[in-house]
Amino acid sequence: MELEFDGQVWEWRGPAPYHFVSVPEDECEEIALTASAVTYGWGMIPVAVAIGETRWTTSLWPKDGGYVVPLKDAVRRAEAISLDDIVSVRLTIDV
């Protein structure tokens, strides 16, 4: 399954601050159809992500009935991404 969307970068200020992009509702509905086949626990879903020229693997995190894409600092530096930027995200989920 491949999905593309634009989203705003936001920060969670927990004990270890992290940046995320929320997956839009329509795409979350598509992901939910296959979630039980691909999750490895706690609702986490392994994905390949691409933003700009940067590609990496991570897991979607469940949040408030949807999913969020975590953005590592290395990715944000490589693509010059800042808080509140709008980014184009490509997700690949092996089903």
# chains A, B, ... in the order shown; residues from 1 in each chain; ligands from 1
>>> residues_around(residues="A:Gly7", least_positions_apart="5", cutoff="8 Å", atoms="only C-alpha atoms", output="list in words")
Val21, Ser22, Val23, Pro24, Ile86, Val87, Ser88 and Val89 of chain A
>>> residues_around(residues="stretch 52-69 of chain A", least_positions_apart="4", cutoff="7 Å", atoms="only C-alpha atoms", output="number ranges by chain")
A: 20-23, 25, 28, 43-48, 75, 79
>>> write_last_selection(atoms="C-alpha atoms", output="compact mmCIF listing (two decimals), in the first residue's frame")
# COMPACT_ATOMS: atom_id res chain seq x y z
CA PHE A 20 5.63 14.31 13.97
CA VAL A 21 3.33 14.68 10.98
CA SER A 22 -0.25 13.50 11.46
CA VAL A 23 -1.69 11.16 8.85
CA GLU A 25 -8.24 10.99 8.33
CA CYS A 28 -5.94 6.61 8.40
CA GLY A 43 -0.93 -0.51 17.21
CA MET A 44 2.48 0.33 15.72
CA ILE A 45 2.65 -0.14 11.93
CA PRO A 46 6.02 -0.54 10.16
CA VAL A 47 6.41 1.75 7.15
CA ALA A 48 8.93 3.06 4.67
CA VAL A 75 15.60 13.59 8.56
CA GLU A 79 15.46 18.14 4.38
>>> select_by_dssp(residues="chain A", states="strand (DSSP E)", output="MDAnalysis selection string")
chainID A and resid 2:12 18:22 45:51 54:63 66:71 86:92
>>> atom_distance(atom1="atom CA of A:Thr39", atom2="atom CA of A:Ala74")
25.1 Å
>>> closest_residue(among="A:Ile51, A:Met1, A:Val38, A:Ile31", to="A:Arg77", atoms="only C-alpha atoms")
A:Ile51
>>> closest_residue(among="A:Val9, A:Pro17, A:Ala32, A:Asp94", to="A:Ala80", atoms="only C-alpha atoms")
A:Val9
>>> decode(residues="stretch 45-77 of chain A", atoms="N, CA, C and O atoms", output="short mmCIF file (atom, residue, chain, number, x, y, z; two decimals), in the first residue's frame")
data_model
loop_
_atom_site.label_atom_id
_atom_site.label_comp_id
_atom_site.auth_asym_id
_atom_site.auth_seq_id
_atom_site.Cartn_x
_atom_site.Cartn_y
_atom_site.Cartn_z
N ILE A 45 2.68 0.41 13.29
CA ILE A 45 2.65 -0.14 11.93
C ILE A 45 3.96 0.20 11.23
O ILE A 45 4.28 1.38 11.05
N PRO A 46 4.75 -0.81 10.85
CA PRO A 46 6.02 -0.54 10.16
C PRO A 46 5.78 0.04 8.78
O PRO A 46 4.89 -0.42 8.04
N VAL A 47 6.56 1.07 8.43
CA VAL A 47 6.41 1.75 7.15
C VAL A 47 7.77 2.18 6.61
O VAL A 47 8.73 2.34 7.37
N ALA A 48 7.83 2.36 5.31
CA ALA A 48 8.93 3.06 4.67
C ALA A 48 8.40 4.46 4.37
O ALA A 48 7.26 4.61 3.91
N VAL A 49 9.20 5.47 4.67
CA VAL A 49 8.77 6.86 4.52
C VAL A 49 9.74 7.59 3.59
O VAL A 49 10.94 7.33 3.63
N ALA A 50 9.20 8.51 2.81
CA ALA A 50 10.02 9.39 1.99
C ALA A 50 9.49 10.80 2.12
O ALA A 50 8.28 11.05 2.01
N ILE A 51 10.41 11.71 2.41
CA ILE A 51 10.13 13.14 2.37
C ILE A 51 11.28 13.75 1.58
O ILE A 51 12.44 13.59 1.96
N GLY A 52 10.93 14.40 0.47
CA GLY A 52 11.99 14.92 -0.40
C GLY A 52 12.86 13.77 -0.90
O GLY A 52 12.35 12.75 -1.36
N GLU A 53 14.16 13.92 -0.76
CA GLU A 53 15.11 12.89 -1.19
C GLU A 53 15.47 11.91 -0.07
O GLU A 53 16.23 10.97 -0.29
N THR A 54 14.93 12.14 1.11
CA THR A 54 15.29 11.31 2.26
C THR A 54 14.28 10.18 2.44
O THR A 54 13.07 10.40 2.42
N ARG A 55 14.82 8.97 2.60
CA ARG A 55 13.99 7.78 2.79
C ARG A 55 14.48 7.04 4.04
O ARG A 55 15.68 6.96 4.28
N TRP A 56 13.55 6.51 4.79
CA TRP A 56 13.91 5.74 5.99
C TRP A 56 12.76 4.83 6.37
O TRP A 56 11.67 4.93 5.83
N THR A 57 13.02 3.92 7.30
CA THR A 57 11.98 3.06 7.84
C THR A 57 11.72 3.47 9.28
O THR A 57 12.62 3.88 10.01
N THR A 58 10.46 3.35 9.66
CA THR A 58 10.03 3.68 11.01
C THR A 58 8.70 2.98 11.22
O THR A 58 8.36 2.07 10.48
N SER A 59 7.98 3.40 12.22
CA SER A 59 6.63 2.87 12.47
C SER A 59 5.68 4.02 12.71
O SER A 59 6.04 5.01 13.36
N LEU A 60 4.46 3.88 12.18
CA LEU A 60 3.41 4.83 12.49
C LEU A 60 2.99 4.59 13.93
O LEU A 60 2.89 3.45 14.38
N TRP A 61 2.77 5.66 14.66
CA TRP A 61 2.33 5.57 16.04
C TRP A 61 0.83 5.86 16.08
O TRP A 61 0.37 6.83 15.47
N PRO A 62 0.06 5.04 16.79
CA PRO A 62 -1.36 5.36 16.93
C PRO A 62 -1.53 6.56 17.87
O PRO A 62 -0.81 6.69 18.87
N LYS A 63 -2.43 7.48 17.50
CA LYS A 63 -2.71 8.65 18.36
C LYS A 63 -4.12 9.16 18.08
O LYS A 63 -4.46 9.47 16.95
N ASP A 64 -4.92 9.21 19.12
CA ASP A 64 -6.27 9.78 19.05
C ASP A 64 -7.11 9.20 17.92
O ASP A 64 -7.78 9.93 17.19
N GLY A 65 -7.04 7.89 17.73
CA GLY A 65 -7.83 7.23 16.70
C GLY A 65 -7.23 7.30 15.31
O GLY A 65 -7.81 6.80 14.35
N GLY A 66 -6.07 7.92 15.15
CA GLY A 66 -5.38 8.01 13.87
C GLY A 66 -3.95 7.55 14.02
O GLY A 66 -3.63 6.75 14.90
N TYR A 67 -3.08 8.06 13.15
CA TYR A 67 -1.67 7.69 13.18
C TYR A 67 -0.81 8.93 12.96
O TYR A 67 -1.25 9.89 12.34
N VAL A 68 0.41 8.87 13.49
CA VAL A 68 1.38 9.94 13.27
C VAL A 68 2.69 9.33 12.79
O VAL A 68 3.03 8.20 13.12
N VAL A 69 3.41 10.12 11.97
CA VAL A 69 4.70 9.72 11.43
C VAL A 69 5.78 10.44 12.25
O VAL A 69 5.82 11.67 12.26
N PRO A 70 6.66 9.69 12.94
CA PRO A 70 7.74 10.35 13.67
C PRO A 70 8.83 10.82 12.71
O PRO A 70 9.18 10.12 11.76
N LEU A 71 9.35 12.03 12.94
CA LEU A 71 10.42 12.60 12.12
C LEU A 71 11.70 12.68 12.95
O LEU A 71 11.78 13.48 13.88
N LYS A 72 12.67 11.87 12.60
CA LYS A 72 13.96 11.91 13.29
C LYS A 72 14.65 13.23 13.02
O LYS A 72 14.47 13.85 11.97
N ASP A 73 15.50 13.64 13.96
CA ASP A 73 16.28 14.87 13.77
C ASP A 73 17.11 14.80 12.50
O ASP A 73 17.23 15.79 11.78
N ALA A 74 17.69 13.63 12.20
CA ALA A 74 18.53 13.49 11.00
C ALA A 74 17.72 13.76 9.73
O ALA A 74 18.22 14.38 8.79
N VAL A 75 16.48 13.35 9.71
CA VAL A 75 15.60 13.59 8.56
C VAL A 75 15.28 15.08 8.46
O VAL A 75 15.37 15.68 7.39
N ARG A 76 14.95 15.68 9.59
CA ARG A 76 14.63 17.11 9.58
C ARG A 76 15.82 17.94 9.13
O ARG A 76 15.67 18.88 8.36
N ARG A 77 17.01 17.57 9.57
CA ARG A 77 18.21 18.30 9.14
C ARG A 77 18.46 18.10 7.65
O ARG A 77 18.74 19.06 6.92
#
